[in-house]
Amino acid sequence: MILIFGLFFYSKIYQYKDRLDPRFRGYFNFLDKIFNPILSFLKKRIKPVQVGQGVAVDFSQFVLLLILLLIINLF
């Protein structure tokens with residue numbers, strides 16, 4: 001459950017990572033060490049889906065969320 005919250009936090013503040021307060025930068029860096037390698041791996045295998053002209057959606061975070069939810073349901 002904590003990883004799902006962490007993924008949500010990570011995805012919301014990723015674009016603002018350079019402007020984070022030092023306290024939150026520590027949280028972000030911790031989550032980045034966890035999620036960045038996983039998301040990079042998934043992005044290589046799951047290509048963005050074209051949803052409009054010049055608009056594509058990266059589904060790697062959705063796939064990771066699905067995996068985390070499945071793990072929670074198994075345990």
# chains A, B, ... in the order shown; residues from 1 in each chain; ligands from 1
>>> residues_around(residues="Gln61 in chain A", least_positions_apart="2", cutoff="9 Å", atoms="only C-alpha atoms", output="mmCIF file with N, CA and C atoms, in the first residue's frame")
data_model
loop_
_atom_site.group_PDB
_atom_site.id
_atom_site.type_symbol
_atom_site.label_atom_id
_atom_site.label_comp_id
_atom_site.auth_asym_id
_atom_site.auth_seq_id
_atom_site.Cartn_x
_atom_site.Cartn_y
_atom_site.Cartn_z
ATOM 1 N N LEU A 7 4.174 5.707 -5.462
ATOM 2 C CA LEU A 7 4.095 5.850 -6.921
ATOM 3 C C LEU A 7 3.258 7.061 -7.305
ATOM 4 N N SER A 11 4.783 10.235 -9.239
ATOM 5 C CA SER A 11 4.284 10.645 -10.558
ATOM 6 C C SER A 11 3.794 12.087 -10.558
ATOM 7 N N LEU A 39 10.533 1.762 -13.902
ATOM 8 C CA LEU A 39 9.822 2.469 -14.967
ATOM 9 C C LEU A 39 10.660 2.536 -16.242
ATOM 10 N N LEU A 42 10.214 -0.789 -17.910
ATOM 11 C CA LEU A 42 8.893 -0.917 -18.524
ATOM 12 C C LEU A 42 8.759 -0.030 -19.760
ATOM 13 N N LYS A 43 9.352 1.165 -19.726
ATOM 14 C CA LYS A 43 9.251 2.078 -20.870
ATOM 15 C C LYS A 43 9.939 1.518 -22.108
ATOM 16 N N ASP A 58 2.012 7.362 -21.906
ATOM 17 C CA ASP A 58 2.968 6.371 -21.431
ATOM 18 C C ASP A 58 2.267 5.502 -20.389
ATOM 19 N N PHE A 59 2.126 4.228 -20.674
ATOM 20 C CA PHE A 59 1.392 3.332 -19.795
ATOM 21 C C PHE A 59 2.277 2.598 -18.801
ATOM 22 N N VAL A 63 0.989 0.146 -15.728
ATOM 23 C CA VAL A 63 1.390 -1.259 -15.622
ATOM 24 C C VAL A 63 2.010 -1.528 -14.252
ATOM 25 N N LEU A 64 2.855 -0.629 -13.778
ATOM 26 C CA LEU A 64 3.451 -0.796 -12.460
ATOM 27 C C LEU A 64 2.381 -0.766 -11.373
ATOM 28 N N LEU A 65 1.417 0.114 -11.490
ATOM 29 C CA LEU A 65 0.310 0.157 -10.538
ATOM 30 C C LEU A 65 -0.454 -1.155 -10.547
ATOM 31 N N LEU A 66 -0.741 -1.678 -11.706
ATOM 32 C CA LEU A 66 -1.440 -2.957 -11.825
ATOM 33 C C LEU A 66 -0.640 -4.077 -11.159
#
>>> select_by_dssp(residues="chain A", states="strand (DSSP E or B)", output="list in words")
Val49, Gln50, Val51, Gly52, Val55, Ala56 and Val57 of chain A
>>> select_by_dssp(residues="chain A", states="helix (DSSP H, G or I)", output="PyMOL selection string")
chain A and resi 2-19+22-45+60-74
>>> residues_around(residues="Gly6 in chain A", least_positions_apart="2", cutoff="12 Å", atoms="only C-alpha atoms", output="list in words")
Met1, Ile2, Leu3, Ile4, Phe8, Phe9, Tyr10, Ser11, Lys12, Ile13, Tyr14, Tyr27, Phe28, Asn29, Phe30, Leu31, Asp32, Lys33, Ile34, Phe35, Gln61, Leu64, Leu65 and Leu68 of chain A
>>> write_last_selection(atoms="C-alpha atoms", output="compact mmCIF listing (two decimals), in the first residue's frame")
# COMPACT_ATOMS: atom_id res chain seq x y z
CA MET A 1 0.00 0.00 0.00
CA ILE A 2 2.87 2.35 0.81
CA LEU A 3 4.44 1.73 -2.60
CA ILE A 4 1.17 2.66 -4.33
CA PHE A 8 1.29 8.42 -6.88
CA PHE A 9 3.49 10.97 -5.05
CA TYR A 10 6.40 10.23 -7.42
CA SER A 11 4.28 10.65 -10.56
CA LYS A 12 2.75 13.92 -9.38
CA ILE A 13 6.00 15.67 -8.42
CA TYR A 14 8.38 14.22 -11.01
CA TYR A 27 11.45 11.63 -0.17
CA PHE A 28 11.56 12.06 -3.92
CA ASN A 29 15.16 10.81 -4.20
CA PHE A 30 14.27 7.73 -2.15
CA LEU A 31 11.29 6.97 -4.39
CA ASP A 32 13.33 7.74 -7.51
CA LYS A 33 15.85 5.06 -6.53
CA ILE A 34 12.98 2.56 -6.34
CA PHE A 35 10.78 3.55 -9.27
CA GLN A 61 3.10 3.75 -14.56
CA LEU A 64 3.45 -0.80 -12.46
CA LEU A 65 0.31 0.16 -10.54
CA LEU A 68 1.50 -3.56 -7.26
>>> atom_distance(atom1="CA of Ser60 in chain A", atom2="CA of Pro48 in chain A")
8.4 Å
